Structure formats: structure tokens, C-alpha cells
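Structure file upload_31.cif (mmCIF, C-alpha atoms and all ligand atoms) follows.
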data_protein
#
loop_
_atom_site.label_atom_id
_atom_site.label_comp_id
_atom_site.auth_asym_id
_atom_site.auth_seq_id
_atom_site.Cartn_x
_atom_site.Cartn_y
_atom_site.Cartn_z
CA GLY A 1 0.00 0.00 0.00
CA PHE A 2 1.81 3.06 1.29
CA LEU A 3 5.28 1.75 0.67
CA HIS A 4 4.46 0.97 -2.90
CA LYS A 5 2.93 4.40 -3.42
CA SER A 6 5.92 6.29 -2.00
CA LYS A 7 8.24 4.19 -4.14
CA LEU A 8 6.22 5.21 -7.17
CA ILE A 9 6.47 8.89 -6.29
CA GLU A 10 10.19 8.53 -5.78
CA ASP A 11 10.52 6.94 -9.20
CA LEU A 12 8.48 9.68 -10.83
CA GLU A 13 10.58 12.37 -9.17
CA GLN A 14 13.72 10.74 -10.48
CA TRP A 15 12.36 11.09 -13.96
CA LEU A 16 11.49 14.72 -13.43
CA MET A 17 15.05 15.55 -12.42
CA PRO A 18 17.38 16.61 -15.22
CA ALA A 19 19.18 13.63 -16.67
CA THR A 20 22.57 14.69 -15.35
CA SER A 21 21.47 14.69 -11.70
CA ARG A 22 19.66 11.38 -11.80
CA PRO A 23 21.48 9.06 -9.44
CA ASN A 24 21.48 6.32 -12.01
CA THR A 25 23.00 8.42 -14.77
CA PRO A 26 26.43 7.16 -15.78
CA THR A 27 29.38 9.41 -15.03
CA ALA A 28 32.55 10.18 -16.98
CA GLU A 29 34.35 7.61 -14.79
CA ASP A 30 31.76 4.98 -15.74
CA LEU A 31 32.32 5.76 -19.41
CA ALA A 32 36.11 5.63 -19.07
CA ARG A 33 35.79 2.24 -17.39
CA GLY A 34 33.25 1.10 -19.98
CA LEU A 35 35.70 1.99 -22.76
CA ALA A 36 38.59 0.24 -21.04
CA GLU A 37 36.53 -2.88 -20.24
CA GLU A 38 35.02 -2.99 -23.73
CA GLU A 39 31.47 -2.67 -22.47
CA LEU A 40 30.67 -0.57 -25.53
CA PHE A 41 29.82 -2.41 -28.70
CA LEU A 42 28.28 -1.93 -32.11
CA VAL A 43 25.03 -3.18 -33.57
CA TYR A 44 24.59 -3.32 -37.33
CA GLN A 45 21.55 -2.16 -39.23
CA PRO A 46 21.42 -3.62 -42.75
CA LYS A 47 21.30 -1.23 -45.70
CA PHE A 48 19.38 -2.41 -48.76
CA ASP A 49 19.64 -1.76 -52.44
CA LEU A 50 15.97 -1.01 -53.15
CA LYS A 51 16.23 -1.89 -56.86
CA LEU A 52 17.98 -5.24 -56.46
CA ASN A 53 16.41 -6.10 -53.08
CA ARG A 54 19.70 -7.01 -51.55
CA VAL A 55 21.92 -6.06 -48.67
CA VAL A 56 24.84 -3.86 -49.62
CA GLY A 57 26.16 -2.96 -46.22
CA ALA A 58 25.26 -1.89 -42.72
CA GLU A 59 25.38 1.10 -40.41
CA ALA A 60 27.27 0.65 -37.14
CA LEU A 61 25.29 1.98 -34.17
CA LEU A 62 26.72 2.35 -30.69
CA ARG A 63 25.43 0.53 -27.61
CA TRP A 64 26.70 0.25 -24.04
CA GLN A 65 26.01 -2.76 -21.88
CA GLU A 66 26.75 -1.29 -18.46
CA PRO A 67 26.87 -3.91 -15.66
CA SER A 68 24.61 -2.08 -13.19
CA ARG A 69 22.47 0.00 -15.55
CA GLY A 70 21.84 -2.32 -18.46
CA LEU A 71 21.78 -1.46 -22.13
CA MET A 72 22.15 2.20 -23.08
CA SER A 73 21.75 3.93 -26.46
CA PRO A 74 23.55 6.81 -28.12
CA ASP A 75 21.09 9.33 -26.66
CA ILE A 76 22.74 8.70 -23.28
CA ILE A 77 26.28 7.85 -24.42
CA ILE A 78 26.93 10.68 -26.88
CA PRO A 79 25.86 13.63 -24.67
CA LEU A 80 27.88 12.15 -21.79
CA ALA A 81 30.98 11.80 -23.96
CA GLU A 82 30.47 15.32 -25.33
CA ARG A 83 30.17 16.86 -21.85
CA HIS A 84 33.44 15.27 -20.79
CA GLU A 85 35.41 15.71 -24.00
CA MET A 86 35.56 11.98 -24.62
CA MET A 87 34.12 12.03 -28.13
CA VAL A 88 37.48 11.65 -29.87
CA GLU A 89 38.49 8.61 -27.82
CA LEU A 90 35.00 7.15 -28.19
CA THR A 91 35.05 7.58 -31.98
CA TRP A 92 38.43 5.83 -32.31
CA GLN A 93 36.99 2.95 -30.32
CA VAL A 94 33.95 2.84 -32.62
CA LEU A 95 36.19 2.96 -35.71
CA THR A 96 38.39 0.20 -34.30
CA LEU A 97 35.37 -2.03 -33.70
CA ALA A 98 34.08 -1.20 -37.18
CA CYS A 99 37.37 -2.09 -38.88
CA ARG A 100 37.58 -5.35 -36.91
CA GLN A 101 34.06 -6.18 -38.07
CA LEU A 102 34.90 -5.43 -41.70
CA GLN A 103 37.87 -7.76 -41.41
CA ARG A 104 35.61 -10.54 -40.05
CA TRP A 105 33.07 -10.06 -42.85
CA ARG A 106 35.86 -10.20 -45.42
CA ARG A 107 36.99 -13.51 -43.96
CA LEU A 108 33.44 -14.80 -44.45
CA GLY A 109 33.70 -13.65 -48.05
CA TRP A 110 31.16 -10.86 -47.62
CA ASN A 111 31.74 -7.71 -49.57
CA LEU A 112 29.70 -5.37 -47.38
CA SER A 113 30.35 -1.71 -46.70
CA LEU A 114 30.17 -0.39 -43.16
CA SER A 115 28.92 3.08 -42.27
CA VAL A 116 30.21 4.83 -39.15
CA ASN A 117 28.88 8.05 -37.63
CA VAL A 118 31.73 10.48 -37.01
CA PRO A 119 31.30 13.68 -34.97
CA ALA A 120 32.77 17.17 -35.41
CA ALA A 121 35.18 16.71 -32.48
CA TRP A 122 36.81 13.75 -34.22
CA ILE A 123 37.23 15.66 -37.48
CA ARG A 124 38.95 18.47 -35.58
CA SER A 125 41.25 16.15 -33.61
CA ALA A 126 45.02 16.20 -34.04
CA GLY A 127 46.96 13.51 -35.90
CA LEU A 128 43.85 12.18 -37.57
CA PHE A 129 45.35 10.99 -40.86
CA GLU A 130 48.25 9.13 -39.22
CA ALA A 131 45.96 7.38 -36.74
CA PHE A 132 43.47 6.57 -39.48
CA ASP A 133 46.12 5.08 -41.80
CA SER A 134 47.54 2.91 -39.05
CA LEU A 135 44.06 1.66 -38.11
CA ILE A 136 43.30 0.65 -41.70
CA SER A 137 46.60 -1.18 -42.08
CA ARG A 138 46.30 -2.86 -38.66
CA TYR A 139 43.10 -4.61 -39.78
CA ASP A 140 44.28 -5.15 -43.32
CA ILE A 141 41.09 -3.78 -44.83
CA SER A 142 40.40 -1.26 -47.55
CA SER A 143 39.20 2.22 -46.64
CA HIS A 144 36.88 1.88 -49.67
CA ASP A 145 34.65 -0.28 -47.47
CA LEU A 146 34.17 2.45 -44.90
CA ILE A 147 31.47 5.06 -45.25
CA LEU A 148 31.83 7.99 -42.88
CA GLU A 149 28.55 9.64 -41.95
CA VAL A 150 28.59 13.27 -40.94
CA THR A 151 25.66 15.52 -40.20
CA GLU A 152 25.12 19.04 -41.40
CA SER A 153 26.18 20.41 -38.02
CA THR A 154 29.48 18.50 -38.07
CA THR A 155 31.21 20.92 -40.37
CA LEU A 156 29.54 24.11 -39.17
CA GLY A 157 31.85 26.79 -37.86
CA CYS A 158 35.06 25.51 -39.42
CA LEU A 159 34.13 24.54 -42.92
CA GLY A 160 37.65 25.15 -44.26
CA TYR A 161 39.39 22.78 -41.88
CA ALA A 162 36.60 20.20 -42.01
CA LYS A 163 36.88 20.28 -45.79
CA HIS A 164 40.61 19.60 -45.61
CA ILE A 165 40.06 16.57 -43.37
CA LEU A 166 37.04 15.17 -45.20
CA THR A 167 38.75 15.61 -48.56
CA GLY A 168 41.84 13.81 -47.25
CA LEU A 169 39.73 10.92 -45.99
CA ARG A 170 37.93 10.73 -49.30
CA GLN A 171 41.27 10.68 -51.15
CA ARG A 172 42.15 7.68 -48.99
CA GLY A 173 39.12 5.90 -50.42
CA CYS A 174 36.49 6.45 -47.72
CA ARG A 175 33.07 7.36 -48.93
CA LEU A 176 31.37 10.33 -47.30
CA SER A 177 27.72 10.41 -46.41
CA LEU A 178 25.66 13.42 -45.35
CA ASP A 179 23.34 12.05 -42.66
CA ASP A 180 19.94 13.33 -41.44
CA PHE A 181 19.79 15.57 -44.49
CA GLY A 182 17.15 18.29 -44.57
CA ILE A 183 16.79 19.17 -40.91
CA GLY A 184 20.05 21.08 -40.49
CA TYR A 185 20.45 24.68 -41.31
CA SER A 186 23.00 25.16 -44.04
CA SER A 187 22.32 22.04 -46.06
CA MET A 188 22.83 23.59 -49.48
CA MET A 189 26.08 25.24 -48.52
CA GLN A 190 27.47 21.89 -47.36
CA LEU A 191 26.52 20.25 -50.64
CA HIS A 192 28.00 23.14 -52.58
CA ARG A 193 31.33 23.24 -50.76
CA LEU A 194 31.99 19.55 -50.08
CA THR A 195 31.78 16.41 -52.17
CA PHE A 196 29.64 13.68 -50.67
CA ASP A 197 29.14 10.22 -52.12
CA GLU A 198 25.87 9.57 -50.35
CA LEU A 199 22.92 11.55 -49.08
CA LYS A 200 20.73 10.18 -46.28
CA VAL A 201 17.35 11.81 -46.20
CA ASP A 202 16.18 12.41 -42.64
CA ARG A 203 13.67 10.02 -41.17
CA SER A 204 11.18 12.80 -40.44
CA PHE A 205 10.41 13.19 -44.17
CA ILE A 206 10.35 9.44 -44.80
CA SER A 207 7.98 8.63 -41.93
CA ARG A 208 5.36 11.10 -43.16
CA ILE A 209 5.77 10.45 -46.86
CA GLU A 210 2.40 8.72 -47.35
CA GLN A 211 0.03 10.99 -45.48
CA ASP A 212 1.82 14.33 -45.89
CA LYS A 213 2.11 15.76 -49.41
CA ARG A 214 4.67 18.30 -48.24
CA ALA A 215 6.93 15.61 -46.80
CA GLU A 216 6.57 13.68 -50.05
CA ALA A 217 7.47 16.75 -52.13
CA ILE A 218 10.57 17.30 -50.01
CA ALA A 219 11.64 13.63 -50.12
CA LEU A 220 11.28 13.55 -53.92
CA SER A 221 13.06 16.88 -54.43
CA ILE A 222 16.01 15.79 -52.29
CA LEU A 223 16.19 12.59 -54.33
CA ASP A 224 16.40 14.63 -57.53
CA LEU A 225 18.97 16.97 -56.00
CA GLY A 226 21.08 14.03 -54.82
CA HIS A 227 21.04 12.38 -58.22
CA ARG A 228 21.94 15.62 -59.97
CA LEU A 229 24.97 15.83 -57.69
CA GLU A 230 25.78 12.18 -58.52
CA MET A 231 25.18 10.91 -55.03
CA VAL A 232 23.67 7.65 -53.88
CA VAL A 233 20.43 8.62 -52.12
CA VAL A 234 19.35 6.71 -49.03
CA ALA A 235 16.01 6.72 -47.22
CA GLU A 236 16.43 6.15 -43.48
CA GLY A 237 13.68 5.03 -41.12
CA ILE A 238 11.49 2.99 -43.48
CA GLU A 239 8.86 1.54 -41.14
CA THR A 240 6.08 0.27 -43.43
CA PRO A 241 5.78 -1.74 -46.65
CA GLU A 242 3.88 1.20 -48.14
CA GLN A 243 6.78 3.58 -47.51
CA HIS A 244 9.14 0.99 -48.96
CA ALA A 245 7.06 0.61 -52.15
CA LEU A 246 6.70 4.35 -52.59
CA LEU A 247 10.42 5.07 -52.15
CA LYS A 248 11.42 2.21 -54.43
CA ALA A 249 9.02 3.42 -57.13
CA ALA A 250 10.29 6.98 -56.73
CA GLY A 251 13.84 5.82 -57.51
CA TYR A 252 15.54 5.84 -54.12
CA ASP A 253 18.79 3.87 -54.37
CA LEU A 254 19.11 2.53 -50.85
CA GLY A 255 16.90 2.07 -47.82
CA GLN A 256 17.27 1.42 -44.14
CA GLY A 257 14.60 1.01 -41.51
CA PHE A 258 12.84 -1.19 -38.99
CA TRP A 259 10.56 -2.63 -41.67
CA LEU A 260 13.55 -3.90 -43.65
CA ALA A 261 15.73 -4.88 -40.69
CA ARG A 262 16.42 -3.71 -37.15
CA PRO A 263 19.92 -3.07 -35.87
CA LEU A 264 21.44 -6.50 -35.09
CA THR A 265 24.27 -7.70 -32.90
CA GLU A 266 27.34 -9.12 -34.62
CA GLU A 267 26.08 -12.68 -34.07
CA SER A 268 22.48 -12.05 -35.12
CA PHE A 269 23.68 -10.15 -38.17
CA VAL A 270 25.61 -13.24 -39.31
CA HIS A 271 22.58 -15.51 -38.67
CA TRP A 272 20.29 -13.08 -40.40
CA CYS A 273 22.57 -12.94 -43.47
CA HIS A 274 22.71 -16.73 -43.63
CA HIS A 275 18.94 -16.90 -43.79
CA LEU A 276 18.48 -14.35 -46.54
CA VAL A 277 16.55 -15.60 -49.55
CA SER A 278 19.20 -14.43 -51.96
CA PRO A 279 22.68 -15.36 -50.77
CA LEU A 280 25.18 -12.61 -50.13
CA THR A 281 27.43 -12.50 -53.11
CA PRO A 282 29.98 -9.81 -53.81
CA VAL A 283 28.18 -6.72 -55.00
CA PRO A 284 29.62 -4.21 -57.43
CA GLN A 285 31.39 -1.39 -55.61
CA ARG A 286 28.80 1.13 -56.75
CA TYR A 287 27.54 1.69 -53.25
P1 LIG B 301 21.53 8.00 -37.18
O1 LIG B 301 22.94 7.99 -37.61
O2 LIG B 301 20.57 8.77 -38.03
O3 LIG B 301 21.11 6.47 -37.05
C1 LIG B 301 19.84 5.98 -37.29
C2 LIG B 301 19.04 5.84 -36.01
O4 LIG B 301 17.70 5.56 -36.35
C3 LIG B 301 19.47 4.67 -35.12
O5 LIG B 301 19.18 5.00 -33.76
C4 LIG B 301 18.55 3.56 -35.60
O6 LIG B 301 18.36 2.53 -34.65
C5 LIG B 301 17.30 4.34 -35.81
N1 LIG B 301 16.40 3.71 -36.78
C6 LIG B 301 16.71 2.91 -37.82
N2 LIG B 301 15.61 2.54 -38.51
C7 LIG B 301 14.57 3.12 -37.88
C8 LIG B 301 13.15 3.11 -38.13
O7 LIG B 301 12.64 2.49 -39.05
N3 LIG B 301 12.38 3.85 -37.28
C9 LIG B 301 12.91 4.54 -36.24
N4 LIG B 301 12.07 5.22 -35.45
N5 LIG B 301 14.25 4.58 -35.98
C10 LIG B 301 15.06 3.87 -36.80
P2 LIG B 301 20.26 4.89 -32.61
O8 LIG B 301 21.07 3.65 -32.77
O9 LIG B 301 19.55 5.13 -31.32
O10 LIG B 301 21.21 6.11 -32.92
C11 LIG B 301 20.75 7.42 -32.82
C12 LIG B 301 21.77 8.40 -33.31
O11 LIG B 301 22.93 8.38 -32.48
C13 LIG B 301 22.29 8.08 -34.71
O12 LIG B 301 21.41 8.58 -35.67
C14 LIG B 301 23.62 8.81 -34.70
O13 LIG B 301 23.46 10.18 -34.96
C15 LIG B 301 24.06 8.64 -33.26
N6 LIG B 301 25.01 7.52 -33.17
C16 LIG B 301 24.78 6.19 -33.17
N7 LIG B 301 25.93 5.50 -33.09
C17 LIG B 301 26.92 6.43 -33.05
C18 LIG B 301 28.36 6.35 -32.98
O14 LIG B 301 28.98 5.28 -32.97
N8 LIG B 301 29.04 7.54 -32.95
C19 LIG B 301 28.39 8.74 -33.01
N9 LIG B 301 29.14 9.85 -32.97
N10 LIG B 301 27.06 8.85 -33.08
C20 LIG B 301 26.34 7.70 -33.11
MG MG B 302 23.92 7.70 -39.27
MG MG B 303 20.62 9.19 -40.01
MG MG B 304 18.77 10.15 -37.76
#
Would you write out, as C-alpha cells, the structure that this file holds?
Ligand code: C2E
Ligand code: MG
Ligand code: MG
Ligand code: MG
Amino acid sequence: GFLHKSKLIEDLEQWLMPATSRPNTPTAEDLARGLAEEELFLVYQPKFDLKLNRVVGAEALLRWQEPSRGLMSPDIIIPLAERHEMMVELTWQVLTLACRQLQRWRRLGWNLSLSVNVPAAWIRSAGLFEAFDSLISRYDISSHDLILEVTESTTLGCLGYAKHILTGLRQRGCRLSLDDFGIGYSSMMQLHRLTFDELKVDRSFISRIEQDKRAEAIALSILDLGHRLEMVVVAEGIETPEQHALLKAAGYDLGQGFWLARPLTEESFVHWCHHLVSPLTPVPQRY
């Protein structure tokens, strides 16, 4: 009775407190330990070629299995790392895990690309090219298999330097993807100043594409824009077969979303690939 009720109120009050002061919120020390103990890992969301109905790669998404708090997503991890200037270290860990995964897929004979989200802090960090080159050679993979996803805000404020770094990475063979396109605030300038290989249209337009004519107009115009700039255009957040059919008919190159496949652990990704109707055979390096 009473005990239960007061417990409930206590719980509610915890939720009303700002995230940073919640007793159960992980601290910078927790994150440092988590990084050292390899509690952070990647899940892989398959990316589909909508024309050929086949998997061409995956996006690596960060998760943290913390012993006392359970599984945490990027919405907790990223702000924590940002507050404590741990984004650079965190991103190298993510890239290391991604390269190791690419190496494992190669050994299975799978020619899949892997997309990694890289933040502004990483792009600005010192010694980037040297560290990147040594990572690629350590895992004996090709940087052509890595797709680096940046958002419109990543390059804001220091476009010149960001351009130097992104161009250097692209010269090394990495493909560049502009993620969450359409919701940022200098989208056209980014596309004008930098060369991207891929454009990922933000989920907010995709999720409303059927019932909202304005969202549809935007999604179709971005597709046209992307193709005119010779980019591969990706729809993220496809949640229904109707959205899938519409985007495929419209000419979207690639798709990602819960309706096609959820993010999977390394093991479940392998199982899932083994059970695909069409076997995974090497795909042309178009994407
Ligand atoms: P994002 O790069 O746009 O990644 C896509 C997010 O949408 C993922 O959330 C994914 O699980 C989710 N998603 C995929 N399909 C669907 C769908 O059909 N419906 C809905 N509602 N959601 C879908 P997640 O894993 O929580 O990641 C959120 C964001 O956190 C990512 O957005 C990315 O910006 C960031 N993030 C994730 N992993 C990393 C990382 O390793 N490093 C950095 N710097 N950021 C990361
Ligand atoms: Mg992304
Ligand atoms: Mg995205
Ligand atoms: Mg997004």
C-alpha cells in the first residue's frame, strides 16, 4: 500500500530531475571504465539496395552494456561523452570495432560496406590521418569499405578545416555520407562546398511520406537533387511496406529502416545474413 505508493512517487521524481542529476545516470568515470573494459559495442543495421532487393552494407550503431544500468543507447552515451570531451576517444573505439568487423566479414567472403557516424570533435582532432592510416593497415582492410557519416552540423563553424580533413579521408578511399539531411540549417552550402558520395534523407520526411504531401514533395526533391549531384540517395527510417514501395518506385537507391531490418548484434547479423533468400554474393562497388 503506502510503501508501494511512495516508491512510485520517488521513481516519478527521479524522472522529473534533469538527466545529469539522476542518481542512475552514468558518469565520466563509468564511461572511461566502460571503454577500457570494452562494455561498448556496435550493432549493425542492414542497408538495402531497393532496386535489387539485396543487402549492400550496414550502419554501425553504438550501444553500451553497463553492468549495473543495463543497455544504453547513443542518446545517453553521446551527450555524456560530449560533456566530458571523450568524443574523440570514443570515436576511435567505434572505428576500431568497425574495422575489426569489416575484417571478419571479409573472412566470411562478404563484400559489405560499413557506415560509421563520425562527430565534429573527431574531425577536428590532431593527428587524424596518421591514426586513421595505421588503423586501416592494422586490420588489413580497404578504406573503400568504410562510409563515414557526418551531419550538417558537423562541419559548421570551421568549414575550411573540415573540408581539408574530409577531402583527405575521401582521397584515402572512404566514402562520405551526409546524414539526417534536410533538418540542419545550411544544407545547401554543405553540398556546394563539399563532395559527398551519399545523401541520407532524414527520417522525419520518410515517416510522413504517405500521409503528408509536403513531406513527399521534399523527399522527392532531395532525391532529384542528390542524383543531380551524382550521389547515392538513401532513405532512413522505413517503417512500413507502403513507404518501402513508394520510395522504391520513386527511384531511391538505398533504404534502411525497422521494416527492412532492425539493428542486429554481430552474431544475429551473421545468422540473419545466412537466412536471406538471396545469398550474399559480392556486389559491385557502386555503393
Ligand atoms: P543515425 O545515424 O541517423 O542512425 C539511425 C538511427 O535511427 C538509429 O538510432 C537507428 O536505430 C534508428 N532507426 C533505424 N531505422 C529506424 C526506423 O525504421 N524507425 C525509427 N524510429 N528509428 C530507426 P540509434 O542507434 O539510437 O542512434 C541514434 C543516433 O545516435 C544516430 O542517428 C547517430 O546520430 C548517433 N550515433 C549512433 N551511433 C553512433 C556512434 O557510434 N558515434 C556517433 N558519434 N554517433 C552515433
Ligand atoms: Mg547515421
Ligand atoms: Mg541518419
Ligand atoms: Mg537520424
Legend entry - Shortest interatomic distance to ligand LIG 301 (chain B) - which of A:His192, A:Arg54, A:His244, A:Arg228, counting all atoms listed in the file: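 The answer is A:His244, which sits nearest to ligand LIG 301 (chain B).
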Legend entry - Test item: residues no farther than 9 Å from ligand MG 302 (chain B), counting all atoms listed in the file, as a VMD selection string: chain A and resid 59 to 61 115 to 118 148 to 151 177 to 180 200 236
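You will find atom CA of Leu95 of chain A at 18.1 Å from atom CA of Gln65 of chain A.
In terms of minimum interatomic distance to ligand LIG 301 (chain B), A:Leu264 ranks closest within A:Ala217, A:Leu264, A:Leu112, A:Leu35, counting only C-alpha atoms and all ligand atoms.
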Legend entry - Who sits within 10 Å of segment 22-33 of chain A, all atoms listed in the file, same chain under 6 positions skipped, as a count of residues only: 21
Inset, instruction - Calculate how many Å separate atom CA of Glu130 of chain A from atom CA of Cys174 of chain A, rounding to one decimal. - result: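 One can read the atom CA of Glu130 of chain A to atom CA of Cys174 of chain A distance as 14.8 Å.
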Inset, instruction - Within 10 Å of segment 156-170 of chain A, counting only C-alpha atoms, which residues show up once you throw out same-chain ones fewer than 5 positions away? Write them as a PyMOL selection string, please. - result: chain A and resi 120+123-125+128-129+132-133+143-144+147-148+150-151+175-176+185-186+189-190+193-197
Write a file of the just-selected residues containing C-alpha atoms, as a CSV table (one decimal), keeping the file's coordinate frame.
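part_10.csv, freshly written:
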chain,number,residue,atom,x,y,z
A,120,ALA,CA,32.8,17.2,-35.4
A,123,ILE,CA,37.2,15.7,-37.5
A,124,ARG,CA,39.0,18.5,-35.6
A,125,SER,CA,41.2,16.2,-33.6
A,128,LEU,CA,43.8,12.2,-37.6
A,129,PHE,CA,45.4,11.0,-40.9
A,132,PHE,CA,43.5,6.6,-39.5
A,133,ASP,CA,46.1,5.1,-41.8
A,143,SER,CA,39.2,2.2,-46.6
A,144,HIS,CA,36.9,1.9,-49.7
A,147,ILE,CA,31.5,5.1,-45.2
A,148,LEU,CA,31.8,8.0,-42.9
A,150,VAL,CA,28.6,13.3,-40.9
A,151,THR,CA,25.7,15.5,-40.2
A,175,ARG,CA,33.1,7.4,-48.9
A,176,LEU,CA,31.4,10.3,-47.3
A,185,TYR,CA,20.4,24.7,-41.3
A,186,SER,CA,23.0,25.2,-44.0
A,189,MET,CA,26.1,25.2,-48.5
A,190,GLN,CA,27.5,21.9,-47.4
A,193,ARG,CA,31.3,23.2,-50.8
A,194,LEU,CA,32.0,19.6,-50.1
A,195,THR,CA,31.8,16.4,-52.2
A,196,PHE,CA,29.6,13.7,-50.7
A,197,ASP,CA,29.1,10.2,-52.1
Legend entry - Using all atoms listed in the file: which of A:Arg138, A:Arg262, A:Arg106, A:Arg172 has the shortest distance to ligand LIG 301 (chain B):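 Selected residue with least distance to ligand LIG 301 (chain B): A:Arg262.
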